[in-house]
Every structure is written in C-alpha cells, then in structure tokens.
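Q: File data.csv follows (CSV, C-alpha atoms):
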```csv
chain,number,residue,atom,x,y,z
A,1,MET,CA,-14.5,26.9,-14.6
A,2,ALA,CA,-15.6,23.8,-12.7
A,3,LYS,CA,-17.8,24.4,-9.7
A,4,ALA,CA,-16.5,23.1,-6.4
A,5,ASN,CA,-17.2,23.9,-2.8
A,6,PHE,CA,-14.0,25.4,-1.7
A,7,LYS,CA,-13.7,26.5,1.9
A,8,TRP,CA,-12.6,30.1,1.5
A,9,PRO,CA,-11.6,32.0,4.7
A,10,ALA,CA,-14.4,34.3,5.9
A,11,SER,CA,-12.2,37.3,5.0
A,12,ALA,CA,-12.3,36.4,1.3
A,13,LYS,CA,-16.1,36.8,1.2
A,14,LYS,CA,-16.8,39.4,3.9
A,15,SER,CA,-17.9,42.8,2.7
A,16,PRO,CA,-16.2,45.1,3.2
A,17,PRO,CA,-13.2,42.8,3.4
A,18,PRO,CA,-11.1,43.1,6.6
A,19,PRO,CA,-7.3,43.7,6.5
A,20,MET,CA,-5.7,40.5,5.3
A,21,ASN,CA,-3.6,38.4,7.7
A,22,LEU,CA,-1.0,35.8,6.8
A,23,ALA,CA,-3.1,32.8,7.8
A,24,ASP,CA,-6.0,33.8,5.6
A,25,ALA,CA,-3.7,34.9,2.7
A,26,TYR,CA,-1.9,31.5,2.8
A,27,GLU,CA,-5.2,29.6,2.6
A,28,ILE,CA,-6.6,31.8,-0.2
A,29,GLY,CA,-3.3,31.5,-2.1
A,30,ARG,CA,-3.3,27.7,-1.5
A,31,ILE,CA,-6.7,27.3,-3.1
A,32,VAL,CA,-5.8,29.4,-6.1
A,33,TYR,CA,-2.4,27.7,-6.5
A,34,ASN,CA,-3.8,24.2,-6.4
A,35,HIS,CA,-7.2,24.6,-8.2
A,36,PHE,CA,-7.2,27.8,-10.2
A,37,GLU,CA,-3.6,28.5,-11.3
A,38,GLU,CA,-4.5,28.6,-15.0
A,39,HIS,CA,-7.5,30.9,-14.5
A,40,PRO,CA,-7.5,34.7,-14.6
A,41,LEU,CA,-7.8,36.2,-11.1
A,42,ARG,CA,-10.8,38.3,-12.1
A,43,ALA,CA,-12.7,35.2,-13.2
A,44,ILE,CA,-11.9,33.5,-9.9
A,45,ILE,CA,-13.3,36.5,-8.0
A,46,GLU,CA,-16.5,36.5,-10.0
A,47,GLU,CA,-17.1,32.8,-10.1
A,48,GLU,CA,-16.4,32.2,-6.4
A,49,LYS,CA,-18.1,35.5,-5.3
A,50,LEU,CA,-15.1,36.8,-3.4
A,51,SER,CA,-15.2,40.2,-1.9
A,52,ILE,CA,-11.4,40.8,-2.2
A,53,SER,CA,-9.8,42.7,-5.0
A,54,LYS,CA,-7.8,41.3,-7.9
A,55,LEU,CA,-4.6,42.9,-6.3
A,56,THR,CA,-5.3,41.3,-2.9
A,57,LEU,CA,-5.9,37.9,-4.6
A,58,HIS,CA,-2.6,38.3,-6.4
A,59,ARG,CA,-0.8,39.2,-3.1
A,60,CYS,CA,-2.3,36.1,-1.4
A,61,LEU,CA,-1.0,33.9,-4.1
A,62,ALA,CA,2.4,35.6,-3.8
A,63,ALA,CA,2.5,35.0,-0.1
A,64,TYR,CA,1.6,31.3,-0.5
A,65,ARG,CA,4.3,30.8,-3.1
A,66,VAL,CA,6.9,32.3,-0.7
A,67,LEU,CA,5.9,30.2,2.3
A,68,LEU,CA,5.7,27.1,0.2
A,69,ASN,CA,9.2,27.8,-1.1
A,70,LEU,CA,10.7,28.5,2.3
A,71,GLY,CA,8.9,25.6,4.0
A,72,HIS,CA,6.8,27.7,6.4
A,73,ALA,CA,3.3,27.4,7.6
A,74,PRO,CA,1.5,30.6,8.8
A,75,ALA,CA,1.8,29.4,12.4
A,76,ASP,CA,5.6,29.2,12.4
A,77,CYS,CA,6.3,31.9,9.9
A,78,PRO,CA,8.6,34.6,11.5
A,79,PHE,CA,7.5,37.4,9.2
A,80,SER,CA,4.2,39.2,8.1
A,81,PHE,CA,1.9,38.9,5.1
A,82,ALA,CA,3.4,42.2,3.8
A,83,ILE,CA,6.9,40.9,4.0
A,84,ALA,CA,5.9,37.6,2.3
A,85,VAL,CA,4.4,39.5,-0.6
A,86,ARG,CA,7.6,41.5,-1.2
A,87,LEU,CA,9.8,38.4,-1.0
A,88,ASP,CA,7.9,37.0,-4.0
A,89,LEU,CA,9.5,39.8,-6.0
A,90,VAL,CA,12.9,38.0,-6.0
A,91,LYS,CA,14.0,34.7,-7.3
A,92,PRO,CA,13.1,31.6,-5.1
A,93,GLU,CA,16.8,31.0,-4.5
A,94,GLN,CA,17.2,34.6,-3.2
A,95,GLN,CA,14.2,34.4,-0.8
A,96,LYS,CA,15.8,32.3,1.9
A,97,ALA,CA,18.8,34.7,2.4
A,98,LEU,CA,16.5,37.7,2.4
A,99,ALA,CA,14.1,36.1,4.8
A,100,LYS,CA,16.9,35.4,7.3
A,101,ARG,CA,17.9,39.0,7.1
A,102,VAL,CA,14.4,40.2,7.7
A,103,VAL,CA,14.3,38.2,10.9
A,104,ALA,CA,17.9,38.8,12.1
A,105,GLU,CA,17.9,42.6,11.3
A,106,LYS,CA,14.2,43.2,11.9
A,107,LEU,CA,13.8,44.8,8.5
A,108,SER,CA,10.7,46.8,7.8
A,109,THR,CA,8.8,46.4,4.6
A,110,SER,CA,10.3,49.6,3.2
A,111,GLN,CA,13.8,48.4,4.2
A,112,LEU,CA,13.2,45.1,2.5
A,113,GLU,CA,12.0,46.9,-0.7
A,114,PHE,CA,15.3,48.8,-0.6
A,115,GLU,CA,17.3,45.5,-0.4
A,116,ILE,CA,15.2,44.0,-3.2
A,117,SER,CA,15.9,47.0,-5.4
A,118,ASN,CA,19.6,46.6,-4.8
A,119,LEU,CA,19.4,42.9,-5.8
A,120,ARG,CA,17.6,43.8,-9.0
A,121,GLN,CA,20.1,46.5,-9.9
A,122,GLN,CA,22.8,43.7,-9.9
A,123,GLU,CA,20.9,41.7,-12.5
A,124,PRO,CA,21.4,42.4,-16.3
A,125,PRO,CA,18.4,43.9,-18.0
A,126,LYS,CA,16.0,41.4,-19.5
A,127,PRO,CA,15.9,41.2,-23.3
A,128,GLY,CA,13.1,43.1,-25.1
A,129,ARG,CA,11.6,46.5,-24.5
A,130,GLN,CA,12.1,48.0,-21.0
A,131,PRO,CA,9.0,50.0,-20.1
A,132,MET,CA,11.0,52.3,-17.8
A,133,LEU,CA,14.6,52.6,-16.6
A,134,ARG,CA,14.8,51.2,-13.1
A,135,PHE,CA,16.4,54.3,-11.6
A,136,ALA,CA,13.8,56.5,-13.3
A,137,ARG,CA,11.0,54.4,-11.8
A,138,ALA,CA,12.7,54.7,-8.4
A,139,MET,CA,13.2,58.4,-8.7
A,140,GLY,CA,9.5,58.8,-9.5
A,141,ARG,CA,8.6,57.3,-6.2
A,142,LEU,CA,10.7,59.9,-4.4
A,143,GLU,CA,8.3,62.6,-5.5
A,144,ALA,CA,6.1,61.6,-2.5
A,145,PHE,CA,8.9,62.7,-0.2
A,146,VAL,CA,9.0,66.3,-1.5
A,147,ASP,CA,5.4,67.1,-2.5
A,148,GLY,CA,4.0,66.8,1.0
A,149,ARG,CA,2.6,63.2,0.9
A,150,TYR,CA,5.4,62.0,3.2
A,151,HIS,CA,7.1,64.4,5.5
A,152,LEU,CA,10.7,63.3,5.3
A,153,ILE,CA,12.0,66.3,7.2
A,154,GLY,CA,9.0,66.6,9.5
A,155,ASP,CA,9.8,66.6,13.3
A,156,LEU,CA,13.5,66.8,12.8
A,157,ASN,CA,13.7,68.9,16.0
A,158,ARG,CA,12.8,65.7,17.9
A,159,ALA,CA,15.6,63.6,16.4
A,160,ASN,CA,17.1,63.2,19.9
A,161,GLU,CA,14.1,61.2,20.9
A,162,ILE,CA,15.1,58.3,18.7
A,163,GLU,CA,16.7,55.3,20.4
A,164,ASP,CA,20.4,54.7,19.7
A,165,ALA,CA,19.9,51.4,17.8
A,166,LYS,CA,17.2,52.9,15.6
A,167,ARG,CA,19.2,56.1,15.1
A,168,ALA,CA,22.2,54.0,13.9
A,169,GLN,CA,19.9,52.1,11.5
A,170,MET,CA,18.4,55.3,10.1
A,171,LEU,CA,21.8,57.0,9.7
A,172,LYS,CA,23.0,54.0,7.7
A,173,LEU,CA,20.0,54.1,5.5
A,174,ALA,CA,20.3,57.9,5.0
A,175,ALA,CA,23.9,57.5,4.1
A,176,THR,CA,23.2,54.7,1.6
A,177,VAL,CA,20.3,56.7,0.0
A,178,ARG,CA,22.5,59.8,-0.2
A,179,SER,CA,25.3,57.8,-1.9
A,180,GLN,CA,23.0,56.3,-4.4
A,181,LEU,CA,21.3,59.7,-5.2
A,182,GLU,CA,24.7,61.2,-5.8
A,183,GLN,CA,25.4,58.4,-8.3
A,184,VAL,CA,22.1,59.2,-10.0
A,185,GLU,CA,22.8,62.9,-10.1
A,186,LYS,CA,26.3,62.3,-11.5
A,187,ALA,CA,25.0,60.0,-14.2
A,188,LEU,CA,22.2,62.4,-15.2
A,189,SER,CA,24.7,65.4,-15.2
A,190,GLY,CA,27.1,63.3,-17.3
A,191,SER,CA,24.4,62.4,-19.8
A,192,LYS,CA,23.4,66.1,-20.2
A,193,LYS,CA,27.1,67.0,-21.0
A,194,ALA,CA,27.3,64.2,-23.5
A,195,THR,CA,24.1,65.4,-25.2
A,196,LYS,CA,25.5,69.0,-25.5
A,197,ARG,CA,28.8,67.7,-27.0
A,198,GLY,CA,26.8,65.7,-29.5
A,199,LYS,CA,24.8,68.8,-30.6
A,200,LYS,CA,28.0,70.8,-31.1
A,201,ARG,CA,29.2,68.2,-33.6
```
Mind turning this structure into structure tokens?
A:
Amino acid sequence: MAKANFKWPASAKKSPPPPMNLADAYEIGRIVYNHFEEHPLRAIIEEEKLSISKLTLHRCLAAYRVLLNLGHAPADCPFSFAIAVRLDLVKPEQQKALAKRVVAEKLSTSQLEFEISNLRQQEPPKPGRQPMLRFARAMGRLEAFVDGRYHLIGDLNRANEIEDAKRAQMLKLAATVRSQLEQVEKALSGSKKATKRGKKR
C-alpha cells in the first residue's frame, strides 16, 4: 500500500473513537473510495493507524456511496448517517425513491429497514446457495422482542400518551407486521402438513 498523507477526520484516529457523524463518515468514505477501493478494510486500518473498526469503515464507505449516487454533500443531506448506511443496502436506482420517502414520511431507521426488506422480498432469489431463507432470518431477529431484550408490550398502559399522528403510524406498522406474520405462520403450517402427507406415502 503506497504511503500518502491523507487528511483523515479526527474521529477516525481518536481513541476511543467518538460516535460517527455524517460529515466525518463522508470524508472517510471518500478517501477509501478514491484511494483504497481495492484494499482490504483491515489493511487500511492498520496502515493508516485508524482507531475505528472494520465495520465502521465499511459503513462510512456505504454512506459515501449513497451520497455520491444521490448528489448530496453532508451539508445539504436531509437524512442521517444511519439512514445513509441503510440506503446502501438497495440498488442505486432504488435509493432516490426511498430517500424521498425517508424525508417526506420522516421514516426512522427501523421503518426504513422494514421498507428495504419489502423491496428485497420482491426480488427473485440470486442464483447459487442461499445461506438462509429471508423470512427465516427476519424471524430470527424477532426473538429479541420476546426474550426481554426489547419490551414490545412494555408500557402499554400508557398508549393514550402517544400523539395521534404517531399512533396512526404505529397502528399501520402493527397491522402490516401482523399481516406478514400471519402469512409466515400460514406458510409454515402448510409446509408441516405437506411433510406429514409425504411421510404417509
């Protein structure tokens, strides 16, 4: 790796590294994209003596790609670093429409993840071995809502404190999740019956 004096943001070398903001992430991603794109992220961290993790470096590069694709600079970008990272999960041609929805509907990161998951469900499976069925991976994440890590039904007695707009948004989300879970349950129940019929033969 050729040595050069790159001007990394202070957050990239400060120990412990502070929470990443969009401006710093953009600059870090820009340096990697323009000068280290063919190098392993771990090697970049070691050679440049960065304090951030490989995952954070990957996220910075993702955020830069998204802003570059959408024609944004950090100063005029209407969404956060976390949102930018998630937008990198979809195709460049899908990012613009999703970014508009993020701003217009004030989508949170979790809501954006839900929309991204819906988009992916509409795509045909890629050829080759699939490490895990998409619905199975999503169901695995739901365990956090029933094992105590997230209190999905905590404070339900205070539901009347929620503002009307937020209440409507949450009702819509709950209904959508319920509908999709019913589809998963139906598919799983159907596959069990099919297996039993196969055994009887």
Q: To one decimal place, how far is CA of Arg137 (chain A) from CA of Leu171 (chain A) in Å?
A: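 Answer for the CA of Arg137 (chain A) to CA of Leu171 (chain A) separation: 24.2 Å.
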Q: Quick one: residues within 8 Å of region 4-11 of chain A, only C-alpha atoms counted, chain neighbours fewer than 5 positions away excluded, as a list in words?
A: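 What passes the distance filter is Pro17, Pro18, Met20, Asp24, Glu27, Ile28 and Ile31 of chain A.
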Q: Go through region 144-188 of chain A and flag each residue having an atom no more than 12 Å from region 90-107 of chain A; for those, report the closest pair of atoms plus their distance in Å to one decimal, using only C-alpha atoms, ordered by chain and rising number, as a tab-separated table.
A:
```
residue	atom	partner	partner_atom	distance
A:Ala165	CA	A:Glu105	CA	11.1
A:Lys166	CA	A:Lys106	CA	10.8
A:Gln169	CA	A:Glu105	CA	9.7
A:Met170	CA	A:Leu107	CA	11.6
A:Leu173	CA	A:Leu107	CA	11.6
```
Q: Now that the selection is made, can you save its residues with C-alpha atoms as an mmCIF file, in the frame of the given file?
A:
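Output contents, as saved in selection-v2.cif:
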```
data_model
loop_
_atom_site.group_PDB
_atom_site.id
_atom_site.type_symbol
_atom_site.label_atom_id
_atom_site.label_comp_id
_atom_site.auth_asym_id
_atom_site.auth_seq_id
_atom_site.Cartn_x
_atom_site.Cartn_y
_atom_site.Cartn_z
ATOM 1 C CA ALA A 165 19.900 51.400 17.800
ATOM 2 C CA LYS A 166 17.200 52.900 15.600
ATOM 3 C CA GLN A 169 19.900 52.100 11.500
ATOM 4 C CA MET A 170 18.400 55.300 10.100
ATOM 5 C CA LEU A 173 20.000 54.100 5.500
#
```
Q: Could you tell me how far CA of Val184 (chain A) lies from CA of Ala168 (chain A), in Å and to one decimal?
A: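 That distance, rounded to one decimal, is 24.5 Å.
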Q: Rounded to one decimal place, report the CA of Phe36 (chain A)-CA of Ala75 (chain A) distance in Å.
A: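 Separation of CA of Phe36 (chain A) and CA of Ala75 (chain A): 24.4 Å.
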Q: Find the residue from A:Pro19, A:Glu115, A:Lys14, A:Asn34 that sits nearest to Thr56 (chain A); use only C-alpha atoms when measuring.
A: A:Pro19
Q: Show me, as a PyMOL selection string, the residues that have an atom within 12 Å of Leu142 (chain A) when counting only C-alpha atoms, minus same-chain residues fewer than 6 positions from it.
A: chain A and resi 135-136+148-152+177+181
Q: Between A:Ala159, A:Ile153, A:Tyr64, A:Ala187, which is the closest to Ser80 (chain A) once you count all atoms listed in the file?
A: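 Smallest distance to Ser80 (chain A) is found for A:Tyr64.
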Q: I'd like the contact shell of Ile83 (chain A) - 10 Å cut-off, all atoms listed in the file, skipping same-chain residues fewer than 4 positions apart - returned as a VMD selection string.
A: chain A and resid 22 63 66 78 to 79 87 to 88 99 102 107 to 110 112 to 113
Q: Smallest atom-to-atom distance to Arg86 (chain A): which of A:Gly29, A:Glu185, A:Lys172, A:Cys60, using only C-alpha atoms?
A: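 Closest to Arg86 (chain A), using only C-alpha atoms: A:Cys60.
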Q: Select, from A:Ala43, A:Ala73, A:Leu156, A:Asn118, the residue with the minimum atom-to-atom distance to Ala138 (chain A), counting only C-alpha atoms.
A: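 Among A:Ala43, A:Ala73, A:Leu156, A:Asn118, it is A:Asn118 that comes nearest to Ala138 (chain A).
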Q: Please list as a list in words every residue within 12 Å of Leu55 (chain A), counting all atoms listed in the file and excluding residues in the same chain fewer than 4 positions away.
A: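 Counting only the stated atoms, we get Met20, Leu41, Arg42, Ile45, Ser51, Arg59, Cys60, Leu61, Ala62 and Val85 of chain A.
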Q: Excluding Leu67 (chain A) and any residue of its chain fewer than 4 positions from it, enumerate the residues within 8 Å of it, using only C-alpha atoms, and give them as number ranges by chain.
A: A: 26, 63, 71-74, 77, 84
Q: Rank nothing, just name the residue among A:Asn21, A:Lys54, A:Arg30, A:Ala144 nearest to Phe81 (chain A), using only C-alpha atoms.
A: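 Of the candidates, the smallest distance to Phe81 (chain A) is held by A:Asn21.
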Q: Please return region 146-176 of chain A, rebuilt to N, CA and C atoms, as a short mmCIF file (atom, residue, chain, number, x, y, z; two decimals), in the frame of the given file.
A:
```
data_model
loop_
_atom_site.label_atom_id
_atom_site.label_comp_id
_atom_site.auth_asym_id
_atom_site.auth_seq_id
_atom_site.Cartn_x
_atom_site.Cartn_y
_atom_site.Cartn_z
N VAL A 146 8.79 64.82 -1.39
CA VAL A 146 9.00 66.30 -1.50
C VAL A 146 7.76 67.04 -1.86
N ASP A 147 6.66 66.33 -2.15
CA ASP A 147 5.40 67.10 -2.50
C ASP A 147 4.43 67.12 -1.34
N GLY A 148 4.84 66.65 -0.16
CA GLY A 148 4.00 66.80 1.00
C GLY A 148 3.25 65.50 1.41
N ARG A 149 3.27 64.46 0.57
CA ARG A 149 2.60 63.20 0.90
C ARG A 149 3.29 62.53 2.11
N TYR A 150 4.63 62.54 2.08
CA TYR A 150 5.40 62.00 3.20
C TYR A 150 6.31 63.15 3.68
N HIS A 151 6.33 63.33 4.98
CA HIS A 151 7.10 64.40 5.50
C HIS A 151 8.48 63.95 5.97
N LEU A 152 9.37 63.84 4.99
CA LEU A 152 10.70 63.30 5.30
C LEU A 152 11.47 64.15 6.26
N ILE A 153 11.27 65.46 6.23
CA ILE A 153 12.00 66.30 7.20
C ILE A 153 11.09 66.84 8.28
N GLY A 154 9.93 66.23 8.42
CA GLY A 154 9.00 66.60 9.50
C GLY A 154 9.56 66.14 10.86
N ASP A 155 9.39 66.96 11.88
CA ASP A 155 9.80 66.60 13.30
C ASP A 155 11.26 66.39 13.46
N LEU A 156 12.10 66.99 12.61
CA LEU A 156 13.50 66.80 12.80
C LEU A 156 14.04 67.38 14.12
N ASN A 157 13.29 68.32 14.66
CA ASN A 157 13.70 68.90 16.00
C ASN A 157 13.54 67.89 17.10
N ARG A 158 12.94 66.74 16.83
CA ARG A 158 12.80 65.70 17.90
C ARG A 158 13.67 64.49 17.59
N ALA A 159 14.69 64.68 16.77
CA ALA A 159 15.60 63.60 16.40
C ALA A 159 16.25 62.96 17.63
N ASN A 160 16.44 63.76 18.67
CA ASN A 160 17.10 63.20 19.90
C ASN A 160 16.25 62.25 20.65
N GLU A 161 14.98 62.09 20.24
CA GLU A 161 14.10 61.20 20.90
C GLU A 161 14.26 59.72 20.40
N ILE A 162 14.95 59.58 19.28
CA ILE A 162 15.10 58.30 18.70
C ILE A 162 16.12 57.44 19.47
N GLU A 163 15.79 56.17 19.68
CA GLU A 163 16.70 55.30 20.40
C GLU A 163 17.98 55.07 19.62
N ASP A 164 19.08 54.78 20.33
CA ASP A 164 20.40 54.70 19.70
C ASP A 164 20.43 53.65 18.56
N ALA A 165 19.84 52.47 18.81
CA ALA A 165 19.90 51.40 17.80
C ALA A 165 19.12 51.86 16.53
N LYS A 166 17.95 52.46 16.75
CA LYS A 166 17.20 52.90 15.60
C LYS A 166 17.86 54.08 14.92
N ARG A 167 18.51 54.95 15.70
CA ARG A 167 19.20 56.10 15.10
C ARG A 167 20.36 55.59 14.21
N ALA A 168 21.10 54.57 14.67
CA ALA A 168 22.20 54.00 13.90
C ALA A 168 21.67 53.42 12.57
N GLN A 169 20.54 52.74 12.68
CA GLN A 169 19.90 52.10 11.50
C GLN A 169 19.48 53.19 10.50
N MET A 170 18.89 54.26 11.00
CA MET A 170 18.40 55.30 10.10
C MET A 170 19.58 56.11 9.51
N LEU A 171 20.65 56.28 10.28
CA LEU A 171 21.80 57.00 9.70
C LEU A 171 22.45 56.15 8.60
N LYS A 172 22.49 54.83 8.79
CA LYS A 172 23.00 54.00 7.70
C LYS A 172 22.18 54.04 6.48
N LEU A 173 20.87 54.04 6.67
CA LEU A 173 20.00 54.10 5.50
C LEU A 173 20.08 55.45 4.82
N ALA A 174 20.15 56.54 5.61
CA ALA A 174 20.30 57.90 5.00
C ALA A 174 21.57 58.00 4.22
N ALA A 175 22.65 57.45 4.76
CA ALA A 175 23.90 57.50 4.10
C ALA A 175 23.91 56.71 2.78
N THR A 176 23.27 55.57 2.82
CA THR A 176 23.20 54.70 1.60
C THR A 176 22.35 55.40 0.54
#
```
